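Pasting run-v3.cif here (mmCIF, C-alpha atoms):
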```cif
data_start
loop_
_atom_site.label_atom_id
_atom_site.label_comp_id
_atom_site.auth_asym_id
_atom_site.auth_seq_id
_atom_site.Cartn_x
_atom_site.Cartn_y
_atom_site.Cartn_z
CA MET A 1 96.07 179.49 218.12
CA SER A 2 94.02 177.00 220.00
CA GLN A 3 95.62 174.29 222.04
CA LEU A 4 93.90 171.70 219.89
CA PHE A 5 95.43 173.04 216.72
CA VAL A 6 98.90 172.91 218.24
CA GLN A 7 98.34 169.30 219.33
CA PHE A 8 97.12 168.50 215.85
CA LEU A 9 100.33 169.86 214.32
CA VAL A 10 102.46 168.02 216.88
CA LEU A 11 100.70 164.75 215.97
CA LEU A 12 101.19 165.45 212.28
CA GLY A 13 104.90 166.22 212.75
CA ILE A 14 105.57 163.15 214.89
CA SER A 15 103.76 160.96 212.37
CA VAL A 16 105.75 162.31 209.42
CA VAL A 17 108.95 161.47 211.30
CA ALA A 18 107.58 158.03 212.21
CA GLY A 19 106.74 157.38 208.56
CA ILE A 20 110.22 158.41 207.41
CA VAL A 21 111.99 156.34 210.06
CA GLY A 22 109.69 153.37 209.46
CA SER A 23 110.41 153.23 205.75
CA LEU A 24 114.15 153.92 206.18
CA LEU A 25 114.40 150.95 208.51
CA GLY A 26 112.02 148.70 206.63
CA LEU A 27 109.78 148.50 209.68
CA GLY A 28 106.17 149.60 209.51
CA GLY A 29 105.11 153.09 210.55
CA GLY A 30 102.94 151.57 213.28
CA ILE A 31 105.75 150.15 215.31
CA ILE A 32 107.34 153.62 215.44
CA VAL A 33 104.20 155.74 215.83
CA ILE A 34 102.68 153.77 218.72
CA PRO A 35 105.56 154.37 221.17
CA ALA A 36 105.62 158.03 220.08
CA LEU A 37 101.91 158.46 220.84
CA THR A 38 101.85 156.46 224.06
CA LEU A 39 105.21 157.18 225.70
CA PHE A 40 105.67 160.78 224.61
CA LEU A 41 102.12 162.10 224.18
CA HIS A 42 100.64 159.88 226.90
CA LEU A 43 97.75 158.83 224.72
CA ASP A 44 95.67 155.83 225.66
CA TYR A 45 97.07 152.70 223.97
CA ARG A 46 93.70 151.96 222.34
CA LEU A 47 93.54 155.36 220.63
CA ALA A 48 97.16 155.05 219.51
CA ALA A 49 96.41 151.61 218.06
CA GLY A 50 93.26 152.91 216.34
CA ALA A 51 95.22 155.72 214.69
CA SER A 52 98.10 153.42 213.83
CA ILE A 53 95.93 150.79 212.15
CA VAL A 54 94.46 153.40 209.77
CA SER A 55 97.92 154.75 208.92
CA ILE A 56 99.13 151.22 208.22
CA ILE A 57 96.30 150.57 205.78
CA ALA A 58 97.06 153.82 203.95
CA THR A 59 100.81 153.19 203.59
CA SER A 60 100.40 149.51 202.76
CA SER A 61 97.84 150.28 200.05
CA GLY A 62 100.09 152.94 198.56
CA SER A 63 103.21 150.79 198.42
CA ALA A 64 101.34 147.60 197.48
CA ALA A 65 99.95 149.43 194.43
CA THR A 66 103.52 149.79 193.19
CA TYR A 67 104.68 146.30 194.18
CA VAL A 68 101.69 144.66 192.45
CA LYS A 69 102.29 146.68 189.30
CA ASP A 70 105.96 145.70 189.34
CA ARG A 71 104.90 142.05 189.81
CA LEU A 72 106.88 141.70 193.02
CA SER A 73 103.84 140.78 195.16
CA ASN A 74 102.51 137.29 194.64
CA ILE A 75 98.76 137.96 194.58
CA ARG A 76 97.68 134.31 194.87
CA VAL A 77 99.95 133.49 197.80
CA GLY A 78 98.86 136.70 199.50
CA MET A 79 95.17 136.11 198.87
CA PHE A 80 95.19 132.58 200.31
CA LEU A 81 97.19 133.51 203.39
CA GLU A 82 94.93 136.52 204.02
CA ILE A 83 92.27 134.02 205.11
CA LEU A 84 94.54 133.21 208.05
CA THR A 85 95.68 136.77 208.79
CA THR A 86 92.16 138.27 208.71
CA VAL A 87 90.75 135.60 211.04
CA GLY A 88 93.74 136.21 213.33
CA ALA A 89 93.19 139.98 213.17
CA VAL A 90 89.51 139.66 214.17
CA CYS A 91 90.53 137.48 217.15
CA GLY A 92 93.27 139.97 218.05
CA ALA A 93 90.98 143.00 217.89
CA PHE A 94 88.50 141.35 220.27
CA LEU A 95 91.32 140.22 222.55
CA ALA A 96 92.54 143.84 222.68
CA GLY A 97 89.19 144.86 224.12
CA LEU A 98 89.52 142.28 226.89
CA VAL A 99 93.09 142.64 228.14
CA LYS A 100 94.53 145.47 230.23
CA GLY A 101 96.36 148.36 228.56
CA THR A 102 99.60 147.58 230.39
CA ALA A 103 99.58 144.04 229.02
CA LEU A 104 99.43 145.52 225.50
CA TYR A 105 102.54 147.60 226.29
CA ALA A 106 104.43 144.47 227.29
CA VAL A 107 103.37 142.46 224.24
CA PHE A 108 104.14 145.42 221.98
CA ALA A 109 107.61 145.71 223.53
CA ALA A 110 108.27 142.04 222.87
CA VAL A 111 107.24 142.41 219.21
CA LEU A 112 109.33 145.59 218.80
CA LEU A 113 112.44 143.96 220.28
CA TYR A 114 111.91 140.88 218.12
CA SER A 115 111.57 143.11 215.03
CA LEU A 116 115.01 144.53 215.75
CA ILE A 117 116.72 141.15 215.34
CA PRO A 118 116.88 141.18 211.51
CA MET A 119 118.02 144.80 211.65
CA GLY A 120 120.77 143.90 214.12
CA ARG A 121 121.90 141.06 211.85
CA LYS A 122 122.06 143.40 208.88
CA ILE A 123 124.13 145.94 210.81
CA ALA A 124 126.46 143.20 212.04
CA THR A 125 126.98 142.02 208.46
CA GLU A 126 127.66 145.54 207.23
CA LEU A 127 130.21 146.12 209.95
CA GLY A 128 131.90 142.87 209.01
CA TRP A 129 131.16 141.15 212.33
CA LYS A 130 129.28 138.48 210.53
CA ARG A 131 129.71 136.89 207.13
CA PRO A 132 126.89 137.64 204.67
CA SER A 133 125.31 134.21 204.70
CA THR A 134 122.01 135.30 203.19
CA SER A 135 122.64 134.38 199.58
CA ILE A 136 123.62 130.84 200.50
CA ARG A 137 121.07 130.24 203.23
CA ARG A 138 118.14 131.88 201.45
CA GLN A 139 117.92 129.62 198.44
CA PRO A 140 114.26 128.74 198.08
CA PRO A 141 113.59 125.02 198.38
CA MET A 142 113.37 124.61 194.62
CA GLY A 143 111.62 121.49 193.53
CA ALA A 144 110.33 120.84 197.03
CA PRO A 145 106.80 122.26 196.99
CA ASP A 146 104.38 120.42 199.27
CA SER A 147 100.96 119.17 198.14
CA PHE A 148 99.23 122.38 199.32
CA ALA A 149 101.60 124.54 197.31
CA VAL A 150 100.92 122.42 194.20
CA LYS A 151 97.14 122.55 194.63
CA LEU A 152 97.15 126.28 195.30
CA GLY A 153 99.52 127.11 192.45
CA PHE A 154 102.08 128.65 194.80
CA SER A 155 104.93 129.56 192.53
CA GLY A 156 106.03 132.71 190.86
CA SER A 157 108.79 134.78 189.43
CA TYR A 158 109.85 138.37 189.49
CA PHE A 159 112.37 140.45 187.61
CA ASP A 160 115.36 141.45 189.69
CA PRO A 161 116.92 144.58 188.14
CA ALA A 162 120.00 144.28 190.38
CA GLU A 163 120.77 140.81 189.05
CA GLY A 164 119.39 141.60 185.59
CA ARG A 165 117.37 138.40 185.41
CA SER A 166 114.05 136.88 186.28
CA VAL A 167 114.00 134.93 189.55
CA ALA A 168 111.62 131.95 189.64
CA TYR A 169 110.60 130.29 192.88
CA SER A 170 108.29 127.65 194.30
CA LEU A 171 107.10 127.37 197.89
CA GLY A 172 106.95 124.61 200.48
CA ARG A 173 105.89 124.06 204.08
CA VAL A 174 102.55 125.80 203.54
CA PRO A 175 100.91 124.58 206.81
CA ILE A 176 103.75 126.07 208.89
CA GLY A 177 103.65 129.34 206.96
CA ALA A 178 99.85 129.51 207.30
CA THR A 179 100.04 128.95 211.06
CA ILE A 180 102.56 131.75 211.48
CA MET A 181 100.26 133.95 209.38
CA TYR A 182 97.40 133.39 211.82
CA PHE A 183 99.61 134.66 214.65
CA ALA A 184 100.82 137.56 212.50
CA GLY A 185 97.17 138.57 212.08
CA LEU A 186 96.55 138.10 215.80
CA ALA A 187 99.46 140.44 216.65
CA SER A 188 98.24 142.98 214.08
CA GLY A 189 94.70 143.08 215.47
CA LEU A 190 95.82 143.02 219.10
CA LEU A 191 98.45 145.75 218.87
CA GLY A 192 97.37 147.91 215.93
CA ILE A 193 100.53 147.20 213.93
CA GLY A 194 101.13 145.73 210.48
CA SER A 195 103.25 142.85 211.85
CA GLY A 196 105.17 142.71 208.57
CA VAL A 197 108.10 141.09 210.37
CA PHE A 198 106.04 137.98 211.16
CA LYS A 199 104.56 137.87 207.68
CA VAL A 200 108.03 137.96 206.16
CA VAL A 201 109.15 135.17 208.53
CA ALA A 202 106.22 133.04 207.33
CA LEU A 203 106.89 133.68 203.64
CA ASP A 204 110.67 133.81 203.58
CA THR A 205 111.90 131.59 206.40
CA ALA A 206 109.05 129.05 206.57
CA MET A 207 107.88 128.81 202.97
CA GLY A 208 111.08 129.73 201.13
CA MET A 209 109.93 132.74 199.14
CA PRO A 210 112.81 135.01 198.05
CA MET A 211 113.23 138.03 200.32
CA LYS A 212 112.19 140.68 197.80
CA ALA A 213 109.00 138.84 196.89
CA SER A 214 108.34 138.15 200.60
CA THR A 215 108.60 141.82 201.53
CA ALA A 216 106.33 142.87 198.66
CA THR A 217 103.77 140.12 199.34
CA SER A 218 103.78 140.91 203.06
CA ASN A 219 103.11 144.56 202.23
CA PHE A 220 100.27 143.53 199.95
CA MET A 221 98.71 141.52 202.80
CA ILE A 222 99.12 144.12 205.56
CA GLY A 223 96.27 146.38 204.36
CA VAL A 224 93.65 143.62 204.19
CA THR A 225 94.79 142.19 207.52
CA ALA A 226 94.57 145.59 209.18
CA ALA A 227 91.16 146.29 207.59
CA ALA A 228 89.77 143.21 209.37
CA SER A 229 90.51 144.74 212.78
CA ALA A 230 90.07 148.41 211.84
CA GLY A 231 86.29 147.98 211.47
CA ILE A 232 86.11 146.58 215.00
CA TYR A 233 88.33 149.40 216.32
CA PHE A 234 86.11 151.99 214.61
CA LEU A 235 82.81 150.62 215.86
CA ARG A 236 84.26 150.33 219.38
CA GLY A 237 85.17 154.04 219.30
CA ASP A 238 88.95 153.51 219.29
CA ILE A 239 89.45 155.61 216.16
CA ASP A 240 89.42 159.25 217.26
CA PRO A 241 89.30 161.22 213.99
CA LEU A 242 91.37 164.09 215.40
CA VAL A 243 94.13 161.66 216.31
CA ALA A 244 93.81 159.22 213.42
CA ALA A 245 93.63 161.86 210.65
CA PRO A 246 96.98 163.58 211.35
CA VAL A 247 98.62 160.25 212.10
CA ALA A 248 97.36 158.63 208.87
CA LEU A 249 98.29 161.58 206.66
CA GLY A 250 101.60 162.10 208.46
CA VAL A 251 102.78 158.50 208.27
CA LEU A 252 101.67 158.28 204.63
CA VAL A 253 103.61 161.39 203.64
CA GLY A 254 106.56 160.37 205.80
CA SER A 255 106.85 156.96 204.21
CA LEU A 256 106.76 158.48 200.72
CA VAL A 257 109.56 160.85 201.72
CA GLY A 258 111.44 157.98 203.37
CA THR A 259 111.33 155.86 200.24
CA ARG A 260 112.93 158.69 198.27
CA LEU A 261 115.53 159.33 200.95
CA LEU A 262 116.32 155.63 201.21
CA ALA A 263 118.92 155.58 198.45
CA ARG A 264 120.88 158.48 199.92
CA LEU A 265 120.61 157.84 203.63
CA ALA A 266 120.64 154.07 203.97
CA GLY A 267 124.10 153.93 205.55
CA ALA A 268 124.99 151.66 208.42
CA SER A 269 125.61 154.52 210.85
CA ILE A 270 122.10 155.92 210.65
CA ARG A 271 120.68 152.44 211.18
CA ILE A 272 122.85 151.89 214.25
CA VAL A 273 121.52 155.11 215.80
CA PHE A 274 117.92 154.06 215.22
CA PHE A 275 118.65 150.53 216.37
CA VAL A 276 119.87 151.81 219.73
CA VAL A 277 117.00 154.29 220.07
CA LEU A 278 114.38 151.65 219.22
CA ALA A 279 115.94 149.11 221.58
CA PHE A 280 115.76 151.74 224.32
CA ILE A 281 112.12 152.51 223.47
CA GLY A 282 111.30 148.80 223.44
CA LEU A 283 112.78 148.34 226.90
CA GLN A 284 110.95 151.41 228.16
CA MET A 285 107.64 150.04 226.89
CA LEU A 286 108.45 146.68 228.44
CA PHE A 287 109.12 148.27 231.84
CA HIS A 288 105.95 150.34 231.54
CA GLY A 289 103.97 147.21 230.70
CA LEU A 290 105.44 145.27 233.59
CA GLY A 291 104.80 148.16 235.96
CA VAL A 292 108.49 148.79 236.66
CA THR A 293 109.41 152.46 237.04
CA LEU A 294 112.96 153.61 236.59
CA MET B 1 116.19 115.96 170.54
CA GLN B 2 114.87 113.53 173.07
CA ASP B 3 117.06 114.81 175.87
CA SER B 4 115.82 118.40 175.83
CA PRO B 5 112.77 118.42 178.09
CA PRO B 6 113.26 122.05 179.15
CA GLY B 7 113.05 123.25 175.56
CA ARG B 8 109.98 121.18 174.79
CA LYS B 9 108.31 122.34 177.97
CA ALA B 10 108.92 125.97 177.11
CA LYS B 11 107.37 125.43 173.69
CA GLN B 12 104.31 123.84 175.22
CA ASP B 13 103.91 126.57 177.79
CA ALA B 14 104.47 129.53 175.53
CA PRO B 15 101.10 130.03 173.82
CA GLY B 16 98.90 129.20 176.81
CA SER B 17 100.95 131.08 179.34
CA SER B 18 101.17 134.27 177.31
CA LYS B 19 97.39 134.38 177.06
CA ASN B 20 97.10 133.70 180.78
CA ASP B 21 99.81 136.25 181.36
CA ASP B 22 97.75 138.97 179.68
CA LYS B 23 94.80 138.24 181.92
CA ALA B 24 96.99 137.99 185.02
CA ARG B 25 98.53 141.32 184.02
CA ALA B 26 95.04 142.84 183.78
CA THR B 27 94.29 141.55 187.29
CA GLU B 28 97.47 143.10 188.65
CA LEU B 29 96.80 146.44 187.03
CA MET B 30 93.21 146.48 188.27
CA VAL B 31 94.32 145.75 191.85
CA SER B 32 97.03 148.39 191.59
CA VAL B 33 94.62 151.07 190.35
CA VAL B 34 92.07 150.31 193.10
CA LEU B 35 94.74 150.62 195.79
CA ARG B 36 96.28 153.81 194.46
CA SER B 37 93.00 155.63 193.80
CA GLY B 38 91.65 154.51 197.19
CA VAL B 39 94.60 156.13 198.94
CA PHE B 40 94.30 159.34 196.90
CA ILE B 41 90.54 159.69 197.39
CA SER B 42 90.60 159.01 201.11
CA ALA B 43 93.57 161.33 201.71
CA ALA B 44 91.74 164.07 199.78
CA VAL B 45 88.55 163.60 201.84
CA ILE B 46 90.53 163.72 205.11
CA ALA B 47 92.34 166.87 203.96
CA PHE B 48 89.02 168.46 202.96
CA GLY B 49 87.59 167.64 206.40
CA ILE B 50 90.59 169.26 208.08
CA LEU B 51 90.11 172.39 205.95
CA LEU B 52 86.44 172.48 206.94
CA LEU B 53 87.46 172.15 210.57
CA VAL B 54 89.87 175.07 210.29
CA ALA B 55 87.27 177.12 208.36
CA HIS B 56 84.74 176.49 211.13
CA GLY B 57 87.25 177.91 213.58
CA LEU B 58 87.69 174.52 215.26
CA LYS B 59 84.24 174.80 216.79
CA GLY B 60 82.47 171.84 218.27
CA VAL B 61 85.58 169.98 219.29
CA GLY B 62 86.94 169.56 222.78
CA ASN B 63 90.17 171.16 223.77
CA ASP B 64 92.05 167.98 224.41
CA LEU B 65 93.04 165.40 221.85
CA GLY B 66 92.71 161.84 222.96
CA ALA B 67 90.08 162.41 225.59
CA VAL B 68 87.50 159.90 224.36
CA GLY B 69 85.11 162.45 222.98
CA ASN B 70 81.80 162.37 221.20
CA TYR B 71 83.09 161.69 217.74
CA PRO B 72 81.07 159.46 215.45
CA HIS B 73 81.78 155.74 215.60
CA ALA B 74 78.87 154.24 213.73
CA PHE B 75 78.21 154.37 210.00
CA GLY B 76 74.82 156.12 210.39
CA GLN B 77 76.35 158.91 212.51
CA VAL B 78 79.07 159.48 209.94
CA PHE B 79 76.73 159.67 206.96
CA SER B 80 74.23 162.02 208.60
CA GLY B 81 77.16 164.19 209.75
CA VAL B 82 78.64 164.30 206.26
CA ALA B 83 75.25 165.41 204.91
CA ARG B 84 75.49 168.42 207.27
CA LEU B 85 79.15 168.94 206.19
CA ASP B 86 80.17 168.44 209.80
CA PRO B 87 84.02 168.57 209.65
CA ILE B 88 84.63 165.71 212.10
CA SER B 89 82.22 163.48 210.18
CA VAL B 90 83.92 164.31 206.88
CA ILE B 91 87.31 163.42 208.39
CA THR B 92 85.85 160.17 209.73
CA LEU B 93 84.44 159.37 206.30
CA GLY B 94 87.94 159.77 204.88
CA LEU B 95 89.29 157.38 207.52
CA LEU B 96 86.54 154.87 206.67
CA LEU B 97 87.51 155.14 202.99
CA VAL B 98 91.07 154.24 203.99
CA ILE B 99 89.74 151.13 205.75
CA LEU B 100 87.48 150.25 202.81
CA THR B 101 90.30 150.49 200.24
CA PRO B 102 91.68 146.98 200.87
CA VAL B 103 88.12 145.65 201.18
CA THR B 104 87.40 147.02 197.70
CA ARG B 105 90.68 145.52 196.48
CA VAL B 106 89.47 142.09 197.67
CA ALA B 107 86.05 142.52 196.01
CA VAL B 108 87.68 143.57 192.72
CA SER B 109 90.05 140.58 192.92
CA ILE B 110 87.04 138.22 192.94
CA VAL B 111 85.91 139.70 189.63
CA ALA B 112 89.45 139.58 188.25
CA PHE B 113 89.96 135.91 189.19
CA ALA B 114 86.56 135.09 187.65
CA MET B 115 87.73 136.72 184.41
CA GLU B 116 90.81 134.49 184.54
CA LYS B 117 88.41 131.57 185.14
CA ASP B 118 90.43 130.67 188.20
CA TRP B 119 87.49 129.41 190.26
CA ARG B 120 89.63 128.13 193.11
CA TYR B 121 90.87 131.65 193.75
CA VAL B 122 87.40 133.12 193.30
CA VAL B 123 86.36 130.96 196.28
CA ILE B 124 89.50 131.77 198.31
CA THR B 125 89.04 135.51 197.74
CA ALA B 126 85.33 135.30 198.55
CA VAL B 127 86.24 133.71 201.90
CA VAL B 128 88.54 136.67 202.68
CA LEU B 129 85.75 139.12 201.75
CA PHE B 130 83.38 137.14 203.97
CA VAL B 131 85.77 137.41 206.94
CA LEU B 132 86.05 141.18 206.37
CA VAL B 133 82.27 141.63 206.22
CA VAL B 134 81.82 139.46 209.32
CA SER B 135 84.44 141.57 211.14
CA PHE B 136 82.30 144.67 210.64
CA ALA B 137 79.15 142.81 211.70
CA LEU B 138 80.88 141.41 214.81
CA GLY B 139 82.31 144.83 215.62
CA LYS B 140 78.83 146.27 215.52
CA ALA B 141 77.42 143.52 217.71
CA GLY B 142 80.26 143.90 220.18
CA SER B 143 80.21 147.70 220.38
#
```
Kindly transcribe the structure held in the file into structure tokens.
Amino acid sequence: MSQLFVQFLVLLGISVVAGIVGSLLGLGGGIIVIPALTLFLHLDYRLAAGASIVSIIATSSGSAATYVKDRLSNIRVGMFLEILTTVGAVCGAFLAGLVKGTALYAVFAAVLLYSLIPMGRKIATELGWKRPSTSIRRQPPMGAPDSFAVKLGFSGSYFDPAEGRSVAYSLGRVPIGATIMYFAGLASGLLGIGSGVFKVVALDTAMGMPMKASTATSNFMIGVTAAASAGIYFLRGDIDPLVAAPVALGVLVGSLVGTRLLARLAGASIRIVFFVVLAFIGLQMLFHGLGVTL
Amino acid sequence: MQDSPPGRKAKQDAPGSSKNDDKARATELMVSVVLRSGVFISAAVIAFGILLLVAHGLKGVGNDLGAVGNYPHAFGQVFSGVARLDPISVITLGLLLVILTPVTRVAVSIVAFAMEKDWRYVVITAVVLFVLVVSFALGKAGS
């Protein structure tokens, strides 16, 4: 068997695992697959990002299809904010061509470590270190939509099967949310990730959308955001088909498997293991980016 | 009777909103179908390209993944390669179809919002499509 074929299978295997882990943890596949490709396979960051961005579009499109059908994604909110994320993504993709590879490692590490914060909070709550404050704190600012939200028709509702009722919401602080969305797009285009964490922060924390709708709307937006930088990556030659194809198929399959495993494996212990591993990987990428060798 | 604004409001909303709801539902289903079929088609094309590659005995590719090789990275190259059934070009076409799936979703949304007669969102969605098209044009200019 040729060396290339072996490498192809290795890439496919790593990507399946990345897809599973990504969906188990509620992080994107990109944030898992990029360290795997760069740190372990020593691939150039640009090629890893090119492969990752394609895999993100595939998984986001697949899951968004379900979320939209289930009316969890708010199409109008997503559509409007995509103006900001796509412009950010174009800026980010060009910026990626200008800055040094090591700088991308450092920025990626910062985003990865930041992404772990909500996961750490969740683990702390599950272990009883922290009171579950979410239901009290996360009430959407009902009756407080700003003038943008009114003009743009930013409200919605979704059916929550767990609570057995329809949850209605309205949104506020649109300018703040929109600004965060620009930077979410910038991070996506710069690093080749979906930057779902930032999108959720904009929707949930800034604008007051309920968490379930925020996650689904963020997912809906990730594909379009990533498509705005993927064209630039492709035309620049950053999408190597023999890297991107196994990564895209692998992450896609992995995330489908992960979604099915989710119900059975979503215990706190498994998340703690991944939390520690990802924190370690984040620090390693940070050191690599800063030129520190251990 | 006079102190039941919620009830009155619901009565007023009911007929109009159910009609709007049907159209909004149609939009959602259309978007959902575009996304799902885009993923299926592109995954199938990529898989077909990989089969072609294996059938060709992995000829015409370097022996090292990730060495920036001479793979196609312009639309013309891809299409002429696909016409020759060149495996790498077929795989690249599949990857391009992945990228074009959300772009198609945006284009279809314009039509869907127009059917709902929601002109504000027709404009908003057209702006997003414009940014996507410009990104490809800029990428070409910058490459």
Using only C-alpha atoms: which of B:Leu85, B:Val128, B:Ala137, B:Val90 has the shortest distance to chain A:
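Counting only C-alpha atoms, the residue closest to chain A is B:Val128.
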Tell me, in Å to one decimal, how far atom CA of B:Gly49 is from atom CA of B:Ser135.
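Value for the atom CA of B:Gly49-atom CA of B:Ser135 distance: 26.7 Å.
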Select, as a VMD selection string, those residues of chain B with any atom no more than 7 Å from chain A (distances computed using all atoms listed in the file).
chain B and resid 28 to 29 32 to 33 35 to 36 39 43 46 63 to 66 71 73 to 74 88 91 to 92 95 98 to 99 102 to 103 124 to 125 127 to 128 131 to 132 135 to 136 139 to 140 143
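Taking atom CA of A:Thr215 as the reference point, atom CA of A:Asp160 is found at 13.6 Å.
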By how many Å are atom CA of A:Ala110 and atom CA of A:Ile14 apart?
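Separation between atom CA of A:Ala110 and atom CA of A:Ile14: 22.7 Å.
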Could you name the residues that touch stretch 115-122 of chain A at 9 Å or less, counting all atoms listed in the file, but leaving out those on the same chain fewer than 2 positions away, as a PyMOL selection string?
chain A and resi 25-27+110-113+124-127+130+132+195+197-198+268+271-272+275+278-279
Determine the residue set returned by the PyMOL selection byres ((chain A and resi 181) around 7) for the present structure, and present it as a ChimeraX atom specification.
/A:81,84-85,177-180,182-185,199,202
I need the residue set behind the PyMOL selection byres ((chain A and resi 282) around 10) for this file; please write it as a tab-separated table (two decimals) with C-alpha atoms, in the coordinates of the input.
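Once written, out_37.tsv looks like this:
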```tsv
chain	number	residue	atom	x	y	z
A	31	ILE	CA	105.75	150.15	215.31
A	35	PRO	CA	105.56	154.37	221.17
A	105	TYR	CA	102.54	147.60	226.29
A	106	ALA	CA	104.43	144.47	227.29
A	108	PHE	CA	104.14	145.42	221.98
A	109	ALA	CA	107.61	145.71	223.53
A	110	ALA	CA	108.27	142.04	222.87
A	111	VAL	CA	107.24	142.41	219.21
A	112	LEU	CA	109.33	145.59	218.80
A	113	LEU	CA	112.44	143.96	220.28
A	114	TYR	CA	111.91	140.88	218.12
A	116	LEU	CA	115.01	144.53	215.75
A	276	VAL	CA	119.87	151.81	219.73
A	277	VAL	CA	117.00	154.29	220.07
A	278	LEU	CA	114.38	151.65	219.22
A	279	ALA	CA	115.94	149.11	221.58
A	280	PHE	CA	115.76	151.74	224.32
A	281	ILE	CA	112.12	152.51	223.47
A	283	LEU	CA	112.78	148.34	226.90
A	284	GLN	CA	110.95	151.41	228.16
A	285	MET	CA	107.64	150.04	226.89
A	286	LEU	CA	108.45	146.68	228.44
A	287	PHE	CA	109.12	148.27	231.84
A	288	HIS	CA	105.95	150.34	231.54
```
Expand the PyMOL selection byres ((chain A and resi 204) around 12) into the individual residues it matches in the shown file, reporting them as a ChimeraX atom specification.
/A:134,137-141,169-174,176-177,180-181,196-203,205-218
Nearest candidate to B:Leu96 (options A:Gly101, A:Gly189, A:Gly50, A:Pro161; using only C-alpha atoms):
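For B:Leu96, the nearest of the given residues is A:Gly50.
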Using all atoms listed in the file, which residues sit within 8 Å of B:Val34 once same-chain residues fewer than 3 positions away are excluded, as number ranges by chain?
B: 30-31, 37-38, 101, 104-105
Which one is closest to B:Leu51: B:Gln77, B:Val134, B:Val123, B:Pro87? Count all atoms listed in the file.
B:Pro87
So, counting only C-alpha atoms, which residue among A:Ala149, A:Pro175, A:Gly194, A:Gly258 is closest to A:Ile34?
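With only C-alpha atoms as the atom set, the closest residue is A:Gly194.
Look at B:Lys23: the protein and nucleic acid residues within 12 Å of it, using only C-alpha atoms and passing over chain neighbours fewer than 6 places away, are Gly16, Ser17, Leu29, Met30, Val111, Ala112, Phe113, Ala114, Met115, Glu116, Lys117 and Asp118 of chain B.
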Edge lengths and centre in Å, axis-aligned, stretch 48-51 of chain A plus 3 Å each side, as lines of an AutoDock Vina configuration file:
```
center_x = 95.2
center_y = 153.7
center_z = 217.1
size_x = 9.9
size_y = 10.1
size_z = 10.8
```
For C-alpha atoms, please extract stretch 204-226 of chain A from the block and return it as a compact mmCIF listing (two decimals), in the first residue's frame.
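Saved the output as part_4.txt:
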```txt
# COMPACT_ATOMS: atom_id res chain seq x y z
CA ASP A 204 -27.43 34.47 23.89
CA THR A 205 -25.43 36.76 26.16
CA ALA A 206 -25.65 40.02 24.20
CA MET A 207 -29.06 39.81 22.53
CA GLY A 208 -30.90 37.57 24.98
CA MET A 209 -31.90 34.70 22.71
CA PRO A 210 -32.63 31.47 24.63
CA MET A 211 -29.70 29.05 24.58
CA LYS A 212 -31.32 26.36 22.43
CA ALA A 213 -32.36 28.85 19.76
CA SER A 214 -28.92 30.51 19.97
CA THR A 215 -27.08 27.25 19.37
CA ALA A 216 -29.33 26.35 16.43
CA THR A 217 -29.15 29.83 14.89
CA SER A 218 -25.37 29.93 15.33
CA ASN A 219 -25.14 26.58 13.54
CA PHE A 220 -27.33 27.91 10.75
CA MET A 221 -24.96 30.88 10.32
CA ILE A 222 -21.67 28.97 10.47
CA GLY A 223 -21.95 27.50 6.95
CA VAL A 224 -22.57 30.82 5.20
CA THR A 225 -19.86 32.53 7.26
CA ALA A 226 -17.35 29.82 6.39
```
